[in-house]
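Student: One structure, as structure tokens, below. Some questions next.
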Amino acid sequence: MSNEMPLTHHLDELRKRMIICAISILLLSGLAFAFYSPISSLFLAPFTPSLHNGATINVNSIYEGFFVKIKLSVLGGIIASLPILLFQLCRFILPGLKSSEKKWVFIIIIVSSILSICSTYLGYAIIFPYVVSFLLTASFVPENINILLNYQQNLSYIISFLMGGIIIFQSPILLTLLLAKNILTRDYLMKNARWFILGIIITSAMVTPPDIFSQLSLSVPLIGCYFICIILAKIMGWGATKC
């Protein structure tokens, strides 16, 4: 697909890519539906310590289990389809880009994937289990109170938590792009580093329990990424002066 192709050809190509993406999501959602039990167990694993301490996970209506299964299957299908979706996106946009631009598209995709995997592991394996244990302690829930966790609400909670972490961890890519385009300068970021660090800490505190361990487990990697972006910009000669 070249830049000289008429608009109708571009639209045909876009429709073809979208059909492939839709079919992949549909098929993989069906596969996730078939293997729903291990997928739901995977999302509920961070609640296991609480279940051992007497908490139970419950549904509040006869329809809840059905709708949760559909939603989680579609979500699983979308996640499993991401490599296909990215490949189809690249097939559509790369022919119209210069070779140097193609290189940066691949770099951004790779870095974004790495950051997404790291944030998911950090949230799923470290932060969220601690969040559950912290919020269900006797400090907040008296011993004579039964803990009844709603199935749909808590699945939505962990999914939203992980998705929020992925989005937050994409900020280094945005910062790097702003430096590469000279929209921000290295001097500006260094002079105002304390305010950016404060913003990172506040953001981390908003999505984690009010304890130093969980806040540092999220804020320290982000602060590290902040300074890595500045170092990378210095190496590449970005962000010296504003446009």
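Each chain in the structure tokens gets a letter, A, B, ..., in the order shown, and its residues are numbered from 1; ligands are numbered from 1 in order too.
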May I have the residues within 9 Å of A:Ala180 as a ChimeraX atom specification, using only C-alpha atoms and disregarding those fewer than 3 positions away in the same chain?

Tutor: /A:175-177,183-184,233,236-239

Student: Apply DSSP to the backbone of this structure and, from stretch 32-217 of chain A, keep only the residues in strand (DSSP E); write these as a PyMOL selection string.

Tutor: chain A and resi 56-58+148-150

Student: With N, CA, C and O atoms kept, could you save the residues just selected as an mmCIF file, in the first residue's frame?

Tutor:
data_model
loop_
_atom_site.group_PDB
_atom_site.id
_atom_site.type_symbol
_atom_site.label_atom_id
_atom_site.label_comp_id
_atom_site.auth_asym_id
_atom_site.auth_seq_id
_atom_site.Cartn_x
_atom_site.Cartn_y
_atom_site.Cartn_z
ATOM 1 N N THR A 56 -15.512 -15.443 51.584
ATOM 2 C CA THR A 56 -16.132 -16.213 50.509
ATOM 3 C C THR A 56 -16.469 -15.282 49.346
ATOM 4 O O THR A 56 -16.712 -14.091 49.536
ATOM 5 N N ILE A 57 -16.456 -15.849 48.142
ATOM 6 C CA ILE A 57 -16.821 -15.097 46.943
ATOM 7 C C ILE A 57 -18.220 -15.540 46.529
ATOM 8 O O ILE A 57 -18.481 -16.737 46.373
ATOM 9 N N ASN A 58 -19.098 -14.570 46.320
ATOM 10 C CA ASN A 58 -20.507 -14.876 46.097
ATOM 11 C C ASN A 58 -21.044 -14.158 44.871
ATOM 12 O O ASN A 58 -20.486 -13.151 44.428
ATOM 13 N N LEU A 148 -17.958 -11.247 52.678
ATOM 14 C CA LEU A 148 -18.617 -11.793 51.498
ATOM 15 C C LEU A 148 -18.187 -10.949 50.290
ATOM 16 O O LEU A 148 -18.642 -9.824 50.131
ATOM 17 N N LEU A 149 -17.331 -11.495 49.470
ATOM 18 C CA LEU A 149 -16.815 -10.770 48.314
ATOM 19 C C LEU A 149 -17.694 -11.043 47.098
ATOM 20 O O LEU A 149 -17.957 -12.202 46.777
ATOM 21 N N ASN A 150 -18.134 -9.982 46.446
ATOM 22 C CA ASN A 150 -18.957 -10.150 45.251
ATOM 23 C C ASN A 150 -18.093 -10.563 44.069
ATOM 24 O O ASN A 150 -17.052 -9.963 43.793
#

Student: Which residue, A:Ile93, A:Leu14, A:Gly77, A:Thr120, has the smallest gap to A:Leu31 when you use only C-alpha atoms?

Tutor: A:Gly77

Student: Using only C-alpha atoms, which of the listed residues (A:Lys103, A:Ile231, A:Ser171, A:Pro46) sits closest to A:Tyr124?

Tutor: A:Pro46

Student: Can you list every residue of stretch 115-163 of chain A that has an atom at most 8 Å from stretch 196-211 of chain A, with its nearest atom pair and the distance in Å to one decimal, using only C-alpha atoms, ordered by chain then number, as a tab-separated table?

Tutor:
residue	atom	partner	partner_atom	distance
A:Ile127	CA	A:Thr208	CA	7.5
A:Val131	CA	A:Pro209	CA	6.0
A:Phe134	CA	A:Pro209	CA	7.4
A:Leu135	CA	A:Pro209	CA	7.8
A:Phe161	CA	A:Val207	CA	7.7

Student: Output N, CA, C and O atoms for every residue in that selection, as a PDB file, in the first residue's frame.

Tutor:
ATOM      1  N   ILE A 127       1.616  -6.090  44.123  1.00  0.00           N
ATOM      2  CA  ILE A 127       0.818  -5.020  44.723  1.00  0.00           C
ATOM      3  C   ILE A 127      -0.595  -5.473  45.074  1.00  0.00           C
ATOM      4  O   ILE A 127      -1.054  -5.304  46.207  1.00  0.00           O
ATOM      5  N   VAL A 131      -2.720  -5.460  48.495  1.00  0.00           N
ATOM      6  CA  VAL A 131      -3.901  -4.594  48.642  1.00  0.00           C
ATOM      7  C   VAL A 131      -5.043  -5.367  49.286  1.00  0.00           C
ATOM      8  O   VAL A 131      -5.684  -4.899  50.233  1.00  0.00           O
ATOM      9  N   PHE A 134      -4.293  -6.197  52.915  1.00  0.00           N
ATOM     10  CA  PHE A 134      -4.309  -4.981  53.733  1.00  0.00           C
ATOM     11  C   PHE A 134      -5.735  -4.529  54.019  1.00  0.00           C
ATOM     12  O   PHE A 134      -6.080  -4.194  55.160  1.00  0.00           O
ATOM     13  N   LEU A 135      -6.579  -4.518  52.995  1.00  0.00           N
ATOM     14  CA  LEU A 135      -7.930  -3.984  53.146  1.00  0.00           C
ATOM     15  C   LEU A 135      -8.857  -4.919  53.920  1.00  0.00           C
ATOM     16  O   LEU A 135      -9.901  -4.480  54.427  1.00  0.00           O
ATOM     17  N   PHE A 161      -7.645  -2.456  38.015  1.00  0.00           N
ATOM     18  CA  PHE A 161      -6.361  -2.172  38.663  1.00  0.00           C
ATOM     19  C   PHE A 161      -5.204  -2.477  37.718  1.00  0.00           C
ATOM     20  O   PHE A 161      -4.284  -1.663  37.547  1.00  0.00           O
TER      21      PHE A 161
END

Student: May I have the residues within 8 Å of A:Leu218 as a PyMOL selection string, using only C-alpha atoms and disregarding those fewer than 4 positions away in the same chain?

Tutor: chain A and resi 122+204+214+222

Student: At what distance in Å, to one decimal, does atom CA of A:Ser156 lie from atom CA of A:Leu44?

Tutor: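 One can read the atom CA of A:Leu44 to atom CA of A:Ser156 distance as 10.7 Å.
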
Student: I want to know what sits within 12 Å of A:Ile158, based on only C-alpha atoms, with residues of the same chain fewer than 4 positions away left out; could you give that as JSON, numbers by chain?

Tutor: {"A": [40, 42, 43, 44, 45, 46, 47, 72, 120, 123, 124, 125, 127, 128, 129, 131, 132, 151, 152, 153, 154, 162, 163, 164, 165, 207]}

Student: Got time to write the residues from that selection, C-alpha atoms, as a compact mmCIF listing (two decimals), in the first residue's frame?

Tutor:
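So part.txt came out as:
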# COMPACT_ATOMS: atom_id res chain seq x y z
CA SER A 40 -11.32 -16.99 36.21
CA LEU A 42 -6.15 -16.89 37.51
CA PHE A 43 -7.90 -13.57 38.14
CA LEU A 44 -9.19 -14.71 41.53
CA ALA A 45 -5.81 -16.05 42.71
CA PRO A 46 -4.86 -12.81 44.57
CA PHE A 47 -7.93 -13.35 46.77
CA LEU A 72 -14.19 -12.17 30.89
CA THR A 120 1.05 -6.47 34.93
CA GLY A 123 0.42 -5.34 39.95
CA TYR A 124 -0.73 -8.97 39.85
CA ALA A 125 2.07 -10.69 41.78
CA ILE A 127 0.82 -5.02 44.72
CA PHE A 128 -2.73 -6.38 44.34
CA PRO A 129 -2.36 -9.39 46.70
CA VAL A 131 -3.90 -4.59 48.64
CA VAL A 132 -6.39 -7.41 49.31
CA TYR A 151 -17.76 -12.17 42.26
CA GLN A 152 -18.42 -9.57 39.55
CA GLN A 153 -17.28 -6.52 41.52
CA ASN A 154 -13.96 -8.00 42.57
CA LEU A 162 -4.16 -4.03 36.16
CA MET A 163 -5.37 -1.95 33.21
CA GLY A 164 -4.70 1.25 35.16
CA GLY A 165 -1.16 0.07 35.88
CA VAL A 207 -3.96 3.43 43.35

Student: Per DSSP on the backbone, what are the helix (DSSP H, G or I) residues of stretch 22-235 of chain A, as a ChimeraX atom specification?

Tutor: /A:22-34,36-52,64-96,99-135,151-168,171-180,186-191,193-207,212-235

Student: Compare A:Tyr188, A:Arg91, A:Ile62, A:Asn53 by their minimum atom-to-atom distance to A:His10, counting only C-alpha atoms, and give me the closest one.

Tutor: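 Result for the nearest residue to A:His10: A:Arg91.
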
Student: Please list as a list in words every residue within 10 Å of A:Val74, counting only C-alpha atoms and excluding residues in the same chain fewer than 2 positions away.

Tutor: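 Counting only C-alpha atoms, the residues come to Ile25, Leu26, Leu27, Leu28, Ser29, Gly30, Leu31, Ala32, Phe33, Val68, Lys69, Ile70, Lys71, Leu72, Gly76, Gly77, Ile78, Ile79 and Ala80 of chain A.
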
Student: Please produce an output containing N, CA and C atoms for each residue in the selection, written as a PDB file, in the first residue's frame.

Tutor:
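For reference, part.pdb as written:
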ATOM      1  N   ILE A  25     -10.514 -11.858  17.378  1.00  0.00           N
ATOM      2  CA  ILE A  25     -11.089 -11.623  18.704  1.00  0.00           C
ATOM      3  C   ILE A  25     -12.232 -12.592  18.957  1.00  0.00           C
ATOM      4  N   LEU A  26     -13.072 -12.811  17.940  1.00  0.00           N
ATOM      5  CA  LEU A  26     -14.210 -13.719  18.080  1.00  0.00           C
ATOM      6  C   LEU A  26     -13.756 -15.149  18.365  1.00  0.00           C
ATOM      7  N   LEU A  27     -12.780 -15.629  17.581  1.00  0.00           N
ATOM      8  CA  LEU A  27     -12.305 -17.006  17.756  1.00  0.00           C
ATOM      9  C   LEU A  27     -11.613 -17.193  19.106  1.00  0.00           C
ATOM     10  N   LEU A  28     -10.762 -16.248  19.471  1.00  0.00           N
ATOM     11  CA  LEU A  28     -10.028 -16.374  20.731  1.00  0.00           C
ATOM     12  C   LEU A  28     -10.935 -16.138  21.936  1.00  0.00           C
ATOM     13  N   SER A  29     -11.992 -15.344  21.752  1.00  0.00           N
ATOM     14  CA  SER A  29     -12.982 -15.197  22.829  1.00  0.00           C
ATOM     15  C   SER A  29     -13.723 -16.518  23.038  1.00  0.00           C
ATOM     16  N   GLY A  30     -14.023 -17.219  21.935  1.00  0.00           N
ATOM     17  CA  GLY A  30     -14.639 -18.541  22.043  1.00  0.00           C
ATOM     18  C   GLY A  30     -13.722 -19.527  22.750  1.00  0.00           C
ATOM     19  N   LEU A  31     -12.419 -19.437  22.465  1.00  0.00           N
ATOM     20  CA  LEU A  31     -11.453 -20.310  23.138  1.00  0.00           C
ATOM     21  C   LEU A  31     -11.379 -19.975  24.627  1.00  0.00           C
ATOM     22  N   ALA A  32     -11.389 -18.671  24.938  1.00  0.00           N
ATOM     23  CA  ALA A  32     -11.383 -18.266  26.345  1.00  0.00           C
ATOM     24  C   ALA A  32     -12.663 -18.720  27.054  1.00  0.00           C
ATOM     25  N   PHE A  33     -13.784 -18.704  26.339  1.00  0.00           N
ATOM     26  CA  PHE A  33     -15.053 -19.174  26.904  1.00  0.00           C
ATOM     27  C   PHE A  33     -14.960 -20.654  27.262  1.00  0.00           C
ATOM     28  N   VAL A  68     -20.659 -12.364  33.684  1.00  0.00           N
ATOM     29  CA  VAL A  68     -19.236 -12.280  33.998  1.00  0.00           C
ATOM     30  C   VAL A  68     -18.444 -13.191  33.065  1.00  0.00           C
ATOM     31  N   LYS A  69     -18.975 -14.363  32.786  1.00  0.00           N
ATOM     32  CA  LYS A  69     -18.296 -15.301  31.894  1.00  0.00           C
ATOM     33  C   LYS A  69     -18.157 -14.715  30.492  1.00  0.00           C
ATOM     34  N   ILE A  70     -19.218 -14.083  30.001  1.00  0.00           N
ATOM     35  CA  ILE A  70     -19.169 -13.455  28.679  1.00  0.00           C
ATOM     36  C   ILE A  70     -18.138 -12.327  28.660  1.00  0.00           C
ATOM     37  N   LYS A  71     -18.197 -11.436  29.664  1.00  0.00           N
ATOM     38  CA  LYS A  71     -17.280 -10.296  29.707  1.00  0.00           C
ATOM     39  C   LYS A  71     -15.831 -10.749  29.815  1.00  0.00           C
ATOM     40  N   LEU A  72     -15.568 -11.716  30.686  1.00  0.00           N
ATOM     41  CA  LEU A  72     -14.194 -12.175  30.888  1.00  0.00           C
ATOM     42  C   LEU A  72     -13.684 -12.923  29.670  1.00  0.00           C
ATOM     43  N   GLY A  76     -10.513 -11.805  27.597  1.00  0.00           N
ATOM     44  CA  GLY A  76      -9.437 -12.765  27.318  1.00  0.00           C
ATOM     45  C   GLY A  76      -9.158 -12.871  25.833  1.00  0.00           C
ATOM     46  N   GLY A  77     -10.206 -12.820  25.021  1.00  0.00           N
ATOM     47  CA  GLY A  77     -10.028 -12.870  23.577  1.00  0.00           C
ATOM     48  C   GLY A  77      -9.290 -11.652  23.052  1.00  0.00           C
ATOM     49  N   ILE A  78      -9.604 -10.481  23.595  1.00  0.00           N
ATOM     50  CA  ILE A  78      -8.917  -9.255  23.164  1.00  0.00           C
ATOM     51  C   ILE A  78      -7.438  -9.300  23.563  1.00  0.00           C
ATOM     52  N   ILE A  79      -7.164  -9.717  24.799  1.00  0.00           N
ATOM     53  CA  ILE A  79      -5.777  -9.788  25.262  1.00  0.00           C
ATOM     54  C   ILE A  79      -4.984 -10.780  24.425  1.00  0.00           C
ATOM     55  N   ALA A  80      -5.571 -11.964  24.174  1.00  0.00           N
ATOM     56  CA  ALA A  80      -4.879 -12.975  23.380  1.00  0.00           C
ATOM     57  C   ALA A  80      -4.696 -12.532  21.933  1.00  0.00           C
TER      58      ALA A  80
END

Student: When distances are computed from only C-alpha atoms, which of A:Leu89, A:Ala34, A:Ile228, A:Ile19 shows the smallest separation from A:Ile109?

Tutor: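 Among the listed residues, A:Leu89 lies closest to A:Ile109.
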